[in-house]
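**Student:** Quick one: the structure is below, and I'll ask about it shortly.
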Amino acid sequence: MPGQDSADPPRIPRERGPADYAPEAAAARRAFATEQTGAALEHLGHHSLDAASLPGNIENFMGVAQVPIGLAGPLRVDGEHAQGDFWVPLATVEGTLVASYNRGMKLLAAVGGVRTTVVDDAMQRAPSFVFASAREARDFGAWLTEHFDEIAAAAEATTASGKLRDIEQYAASRVRFTRFNYTTGDAAGQNMTGKATLAACRWILDHYEGIEQFYLESNFATDKKASQVNMLRTRGKRVVAEATVPRALMQEHLNTSTEALFRARLISQLGAFMSGANNNGAHSANAITALFIATGQDAANVAESSAAYVMVELTAAGDYYYSITLPSLIVATYGGGTGLGTQRECLELLGCYGTGGVRKFAEIVAATVLCGELSLGAAIVAEEWVEAHDQLGRNRA
């Protein structure tokens with residue numbers, strides 16, 4: 001509390017080992033929080049979560065945030081890994097969101113579904129190496145290329161599923177910046193790549209003289225941050241979702257014409273360019289966040305995963321081609337929070353939980369994003385956007 005002796009601050013109650021996740025330990029922390037702040041914590045302790053499953057996911061556990069989950073669909077996907085109709089769980093507190101995605105899904109089901117393609121797969125750790133001069137840094141880069149196989153062997157000895165596919169190199173001053181690119185199976189892979197790259201760097205330090213300093217992460221992997229390098233080079237899964245909507249169906253389902261939507265797209269392209277946004281679409285973060293929370297993804301990865309490239313065309317017949325590319329979609333169907341109770345259920349709802357499900361899930365996420373882009377874009381052009389929020393987003397308490 002303000003004015004309290006800083007030499008002896010209050011400490012959050014803790015227990016040793018598994019007892020720290022027991023209901024009694026969580027209750028003690030809620031009581032402590034109430035004592036410190038005066039807040040009545042009536043809901044945090046009510047949940048069906050098995051607290052014994054939480055070690056490795058959270059510390060100082062005190063309760064659960066309950067986020068409502070809505071169901072949208074069917075989402076029809078014509079992918080290489082996701083095929084058919086899916087019922088999509090979306091965790092959100094924003095009224096109109098589920099309804100909007102549901103509307104887009106209905107339209108795209110009528111045109112045969114969303115075509116999805118995973119075009120790249122890479123997770124990074126980006127160590128840097130400092131030398132006495134630029135010349136030494138350059139020579140190290142050549143050595144690094146020559147010894148790739150040994151470096152890869154050292155990295156891959158730490159993981160059963162991670163594979164080092166290549167090492168990018170970038171020169172600046174007397175520093176050699178690198179990006180170690182891995183495939184990581186069904187895990188998102190940030191921790192996996194960190195451990196593997198540390199092993200690789202230790203091998204490098206043992207076999208190369210002249211490195212003054214090395215840093216395991218030089219901020220060039222851009223964890224939890226959108227960046228141009230990852231939009232160009234890929235982080236996580238690079239997925240394209242595309243569909244062509246006949247002009248008659250556009251008018252029937254979304255109450256606007258393909259021509260009007262295309263003209264609006266030209267304006268929004270210019271607006272995105274002027275603003276310096278990393279996304280020329282409408283709201284990819286909405287679908288990605290709602291799916292991430294429902295399925296146990298690392299929600300902070302939305303910062304990278306929601307980056308997008310939108311491209312549209314008006315065909316000679318007046319139909320509307322729309323594609324969205326997600327260049328840094330970071331998803332998992334195994335590990336992390338995906339195995340917790342409700343999160344696992346939501347992945348199972350999509351048929352994606354566990355080994356072999358990650359690319360299927362990536363395609364479902366991208367297809368969902370496209371449905372929402374079309375629905376919101378049309379709502380703005382048809383001047384239905386505000387009205388929809390007035391009708392469905394009515395909780396103002």
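Numbering starts fresh at 1 for the residues of each chain in the structure tokens, the chains themselves are lettered A, B, ... in the order given, and ligands are numbered from 1 as they appear.
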Do you know which residues are at most 9 Å from A:Ala154 counting only C-alpha atoms, after dropping those on the same chain fewer than 4 positions away, and could you put them as a ChimeraX atom specification?
**Tutor:** /A:149-150,158,196-197,199-203
**Student:** Do a neighbour search on A:Arg359 at 12 Å with only C-alpha atoms, toss out local chain neighbours closer than 5 positions, and write the hits as a ChimeraX atom specification.
**Tutor:** /A:79-83,116-121,183-188,236-240,329-334,351-354,364-366
**Student:** Ranking A:Arg103, A:Arg235, A:Arg11, A:Arg115 by minimum distance to A:Phe180 and counting only C-alpha atoms, which one comes first?
**Tutor:**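 So, comparing all the options, the nearest one is A:Arg235.
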**Student:** Considering only C-alpha atoms, return as a PyMOL selection string whatever protein or nucleic-acid residues lie within 9 Å of stretch 288-298 of chain A, sequence-local ones (same chain, fewer than 3 positions apart) excluded.
**Tutor:** chain A and resi 67+69+88-92+188+284-285+301-302+305-306+329-333+336-340+342-347+365-366+368-369
**Student:** For A:Ser268, which residue among A:Ile380, A:Met231, A:Ala221, A:Ala367 is the nearest when counting only C-alpha atoms?
**Tutor:**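 Nearest candidate to A:Ser268 out of A:Ile380, A:Met231, A:Ala221, A:Ala367: A:Ile380.
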**Student:** From a DSSP calculation on the backbone, collect every residue of stretch 115-264 of chain A in alpha helix (DSSP H) and output the set as a PyMOL selection string.
**Tutor:** chain A and resi 134-146+148-156+190-207+228-233+247-254+258-264
**Student:** Could you list, as a tab-separated table (two decimals) with N, CA, C and O atoms, in the first residue's frame, every residue within 12 Å of A:Tyr21, counting only C-alpha atoms and ignoring same-chain residues fewer than 3 positions away?
**Tutor:**
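Result written to around_22.tsv:
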```tsv
chain	number	residue	atom	x	y	z
A	13	PRO	N	1.56	-15.19	-0.85
A	13	PRO	CA	1.71	-16.52	-0.24
A	13	PRO	C	2.17	-17.56	-1.26
A	13	PRO	O	1.69	-17.59	-2.40
A	14	ARG	N	3.10	-18.40	-0.84
A	14	ARG	CA	3.63	-19.45	-1.71
A	14	ARG	C	3.76	-20.75	-0.92
A	14	ARG	O	3.95	-20.74	0.30
A	15	GLU	N	3.66	-21.86	-1.63
A	15	GLU	CA	3.93	-23.18	-1.07
A	15	GLU	C	4.98	-23.86	-1.94
A	15	GLU	O	5.22	-23.46	-3.08
A	16	ARG	N	5.60	-24.88	-1.43
A	16	ARG	CA	6.61	-25.61	-2.19
A	16	ARG	C	5.98	-26.73	-3.01
A	16	ARG	O	5.08	-27.42	-2.55
A	17	GLY	N	6.47	-26.90	-4.23
A	17	GLY	CA	6.06	-28.03	-5.06
A	17	GLY	C	4.61	-27.99	-5.48
A	17	GLY	O	3.99	-26.91	-5.58
A	18	PRO	N	4.02	-29.17	-5.68
A	18	PRO	CA	2.62	-29.24	-6.16
A	18	PRO	C	1.62	-28.56	-5.24
A	18	PRO	O	0.55	-28.13	-5.69
A	24	GLU	N	-6.21	-24.71	-1.67
A	24	GLU	CA	-5.94	-23.91	-0.48
A	24	GLU	C	-4.93	-22.80	-0.77
A	24	GLU	O	-5.05	-21.68	-0.25
A	25	ALA	N	-3.94	-23.10	-1.59
A	25	ALA	CA	-2.93	-22.10	-1.94
A	25	ALA	C	-3.54	-20.98	-2.79
A	25	ALA	O	-3.25	-19.79	-2.59
A	26	ALA	N	-4.39	-21.37	-3.75
A	26	ALA	CA	-5.06	-20.36	-4.57
A	26	ALA	C	-5.97	-19.48	-3.72
A	26	ALA	O	-6.02	-18.25	-3.89
A	27	ALA	N	-6.69	-20.11	-2.77
A	27	ALA	CA	-7.58	-19.35	-1.88
A	27	ALA	C	-6.79	-18.39	-1.01
A	27	ALA	O	-7.22	-17.25	-0.75
A	28	ALA	N	-5.62	-18.82	-0.55
A	28	ALA	CA	-4.77	-17.95	0.28
A	28	ALA	C	-4.32	-16.73	-0.52
A	28	ALA	O	-4.25	-15.61	0.02
A	29	ARG	N	-4.03	-16.91	-1.79
A	29	ARG	CA	-3.60	-15.76	-2.60
A	29	ARG	C	-4.77	-14.82	-2.89
A	29	ARG	O	-4.60	-13.60	-2.96
A	49	LEU	N	-11.34	-26.07	-13.91
A	49	LEU	CA	-9.97	-26.35	-14.30
A	49	LEU	C	-9.27	-27.23	-13.27
A	49	LEU	O	-9.41	-27.01	-12.06
A	50	ASP	N	-8.54	-28.21	-13.73
A	50	ASP	CA	-7.73	-29.05	-12.86
A	50	ASP	C	-6.43	-28.31	-12.57
A	50	ASP	O	-5.54	-28.24	-13.41
A	51	ALA	N	-6.32	-27.77	-11.38
A	51	ALA	CA	-5.15	-26.96	-11.05
A	51	ALA	C	-3.86	-27.77	-11.09
A	51	ALA	O	-2.78	-27.21	-11.29
A	52	ALA	N	-3.97	-29.08	-10.93
A	52	ALA	CA	-2.77	-29.92	-10.97
A	52	ALA	C	-2.13	-29.93	-12.35
A	52	ALA	O	-0.97	-30.32	-12.50
A	53	SER	N	-2.88	-29.50	-13.37
A	53	SER	CA	-2.33	-29.47	-14.73
A	53	SER	C	-1.59	-28.16	-15.04
A	53	SER	O	-1.07	-28.01	-16.14
A	54	LEU	N	-1.54	-27.26	-14.08
A	54	LEU	CA	-1.04	-25.92	-14.36
A	54	LEU	C	0.47	-25.70	-14.23
A	54	LEU	O	0.99	-24.73	-14.78
A	55	PRO	N	1.22	-26.52	-13.48
A	55	PRO	CA	2.66	-26.28	-13.41
A	55	PRO	C	3.27	-26.21	-14.81
A	55	PRO	O	3.03	-27.08	-15.64
A	56	GLY	N	4.04	-25.16	-15.03
A	56	GLY	CA	4.60	-24.94	-16.36
A	56	GLY	C	3.80	-23.96	-17.18
A	56	GLY	O	4.26	-23.49	-18.22
A	57	ASN	N	2.57	-23.64	-16.71
A	57	ASN	CA	1.73	-22.68	-17.42
A	57	ASN	C	1.58	-21.35	-16.69
A	57	ASN	O	1.34	-20.31	-17.33
A	58	ILE	N	1.69	-21.36	-15.36
A	58	ILE	CA	1.45	-20.13	-14.60
A	58	ILE	C	2.10	-20.26	-13.23
A	58	ILE	O	2.31	-21.37	-12.72
A	59	GLU	N	2.41	-19.10	-12.63
A	59	GLU	CA	2.92	-19.06	-11.27
A	59	GLU	C	1.96	-18.23	-10.43
A	59	GLU	O	1.18	-17.42	-10.94
A	60	ASN	N	2.02	-18.44	-9.11
A	60	ASN	CA	1.15	-17.70	-8.17
A	60	ASN	C	-0.32	-17.81	-8.56
A	60	ASN	O	-1.08	-16.84	-8.47
A	61	PHE	N	-0.75	-19.01	-8.94
A	61	PHE	CA	-2.12	-19.24	-9.40
A	61	PHE	C	-3.12	-18.85	-8.33
A	61	PHE	O	-3.00	-19.23	-7.16
A	62	MET	N	-4.13	-18.05	-8.72
A	62	MET	CA	-5.17	-17.64	-7.78
A	62	MET	C	-6.58	-17.84	-8.31
A	62	MET	O	-7.54	-17.69	-7.56
A	63	GLY	N	-6.75	-18.15	-9.58
A	63	GLY	CA	-8.09	-18.32	-10.11
A	63	GLY	C	-8.09	-18.29	-11.62
A	63	GLY	O	-7.03	-18.39	-12.25
```
**Student:** Which stretch 88-136 of chain A residues have any atom within 12 Å of an atom of stretch 312-321 of chain A, and for each, what is the nearest pair of atoms with distance in Å to one decimal, counting only C-alpha atoms, rows sorted by chain and number, as CSV?
**Tutor:**
```
residue,atom,partner,partner_atom,distance
A:Leu108,CA,A:Tyr321,CA,11.7
A:Val111,CA,A:Asp319,CA,11.3
A:Val114,CA,A:Tyr321,CA,11.2
A:Arg115,CA,A:Tyr321,CA,11.6
```
**Student:** Smallest atom-to-atom distance to A:Thr244: which of A:Thr258, A:Asp206, A:Gln169, A:Phe131, using only C-alpha atoms?
**Tutor:**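 Once distances to A:Thr244 are computed over only C-alpha atoms, the minimum belongs to A:Thr258.
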**Student:** Among stretch 128-321 of chain A, which residues carry a DSSP assignment of strand (DSSP E or B), reported as a ChimeraX atom specification?
**Tutor:** /A:128-130,163-172,175-183,213-215,236-245,279,308-314,320-321
**Student:** Between A:Gln36, A:Asn181, A:Asn255, A:Ser173, which residue has the minimum interatomic distance to A:Leu374, considering only C-alpha atoms?
**Tutor:**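 Using only C-alpha atoms, A:Leu374 sits closest to A:Asn255.
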**Student:** If you count only C-alpha atoms, which residues fall within 9 Å of A:Gly377, apart from same-chain ones fewer than 3 positions away, as a short mmCIF file (atom, residue, chain, number, x, y, z; two decimals) with all heavy atoms, in the first residue's frame?
**Tutor:**
```cif
data_model
loop_
_atom_site.label_atom_id
_atom_site.label_comp_id
_atom_site.auth_asym_id
_atom_site.auth_seq_id
_atom_site.Cartn_x
_atom_site.Cartn_y
_atom_site.Cartn_z
N LEU A 261 -17.60 -2.48 -53.03
CA LEU A 261 -16.62 -3.02 -52.11
C LEU A 261 -15.19 -2.82 -52.64
O LEU A 261 -14.26 -2.51 -51.88
CB LEU A 261 -16.89 -4.51 -51.88
CG LEU A 261 -16.46 -5.11 -50.53
CD1 LEU A 261 -17.05 -4.32 -49.37
CD2 LEU A 261 -16.89 -6.57 -50.45
N ALA A 264 -14.16 0.83 -52.16
CA ALA A 264 -13.82 1.07 -50.76
C ALA A 264 -12.46 0.48 -50.42
O ALA A 264 -11.70 1.06 -49.63
CB ALA A 264 -14.89 0.46 -49.86
N ARG A 265 -12.14 -0.65 -51.04
CA ARG A 265 -10.85 -1.27 -50.82
C ARG A 265 -9.71 -0.36 -51.28
O ARG A 265 -8.66 -0.26 -50.63
CB ARG A 265 -10.83 -2.63 -51.53
CG ARG A 265 -9.49 -3.31 -51.71
CD ARG A 265 -8.64 -3.44 -50.50
NE ARG A 265 -9.30 -3.87 -49.29
CZ ARG A 265 -8.71 -3.92 -48.10
NH1 ARG A 265 -7.46 -3.54 -47.98
NH2 ARG A 265 -9.36 -4.31 -47.04
N GLY A 281 -5.64 -4.92 -44.06
CA GLY A 281 -6.98 -5.47 -43.91
C GLY A 281 -7.77 -4.71 -42.88
O GLY A 281 -7.40 -3.62 -42.44
N ALA A 282 -8.88 -5.31 -42.45
CA ALA A 282 -9.80 -4.63 -41.53
C ALA A 282 -9.54 -4.98 -40.07
O ALA A 282 -9.33 -4.09 -39.24
CB ALA A 282 -11.24 -4.95 -41.90
N GLY A 372 -14.27 -12.87 -41.70
CA GLY A 372 -14.51 -11.64 -40.96
C GLY A 372 -14.12 -10.40 -41.73
O GLY A 372 -14.76 -9.34 -41.59
N GLU A 373 -13.07 -10.51 -42.57
CA GLU A 373 -12.67 -9.36 -43.37
C GLU A 373 -13.77 -8.97 -44.35
O GLU A 373 -14.10 -7.79 -44.50
CB GLU A 373 -11.37 -9.69 -44.14
CG GLU A 373 -10.16 -9.92 -43.27
CD GLU A 373 -9.68 -8.64 -42.60
OE1 GLU A 373 -9.34 -7.68 -43.31
OE2 GLU A 373 -9.68 -8.59 -41.36
N LEU A 374 -14.33 -9.95 -45.02
CA LEU A 374 -15.40 -9.67 -45.97
C LEU A 374 -16.64 -9.12 -45.28
O LEU A 374 -17.26 -8.16 -45.74
CB LEU A 374 -15.75 -10.93 -46.75
CG LEU A 374 -14.84 -11.28 -47.93
CD1 LEU A 374 -15.18 -12.66 -48.48
CD2 LEU A 374 -14.97 -10.23 -49.04
N ILE A 380 -19.26 -1.90 -43.44
CA ILE A 380 -18.86 -0.49 -43.50
C ILE A 380 -19.42 0.16 -44.76
O ILE A 380 -19.98 1.26 -44.72
CB ILE A 380 -17.33 -0.38 -43.46
CG1 ILE A 380 -16.81 -0.83 -42.09
CG2 ILE A 380 -16.87 1.04 -43.75
CD1 ILE A 380 -15.31 -0.98 -42.00
N VAL A 381 -19.29 -0.53 -45.90
CA VAL A 381 -19.76 0.04 -47.16
C VAL A 381 -21.28 0.17 -47.18
O VAL A 381 -21.83 1.17 -47.67
CB VAL A 381 -19.28 -0.84 -48.35
CG1 VAL A 381 -19.90 -0.37 -49.66
CG2 VAL A 381 -17.76 -0.79 -48.45
N ALA A 382 -21.98 -0.82 -46.62
CA ALA A 382 -23.45 -0.79 -46.60
C ALA A 382 -24.01 0.05 -45.46
O ALA A 382 -25.23 0.13 -45.28
CB ALA A 382 -23.98 -2.22 -46.50
#
```
**Student:** Of the candidates A:Ala308, A:Ala132, A:Val98, A:Leu370, which shows the shortest atom-to-atom distance to A:Gly210, using only C-alpha atoms?
**Tutor:** A:Ala132
**Student:** Counting only C-alpha atoms, which residue out of A:Met311, A:Met123, A:Ala379, A:Asn286 sits closest to A:Glu94?
**Tutor:**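 The shortest atom-to-atom distance to A:Glu94 comes from A:Asn286.
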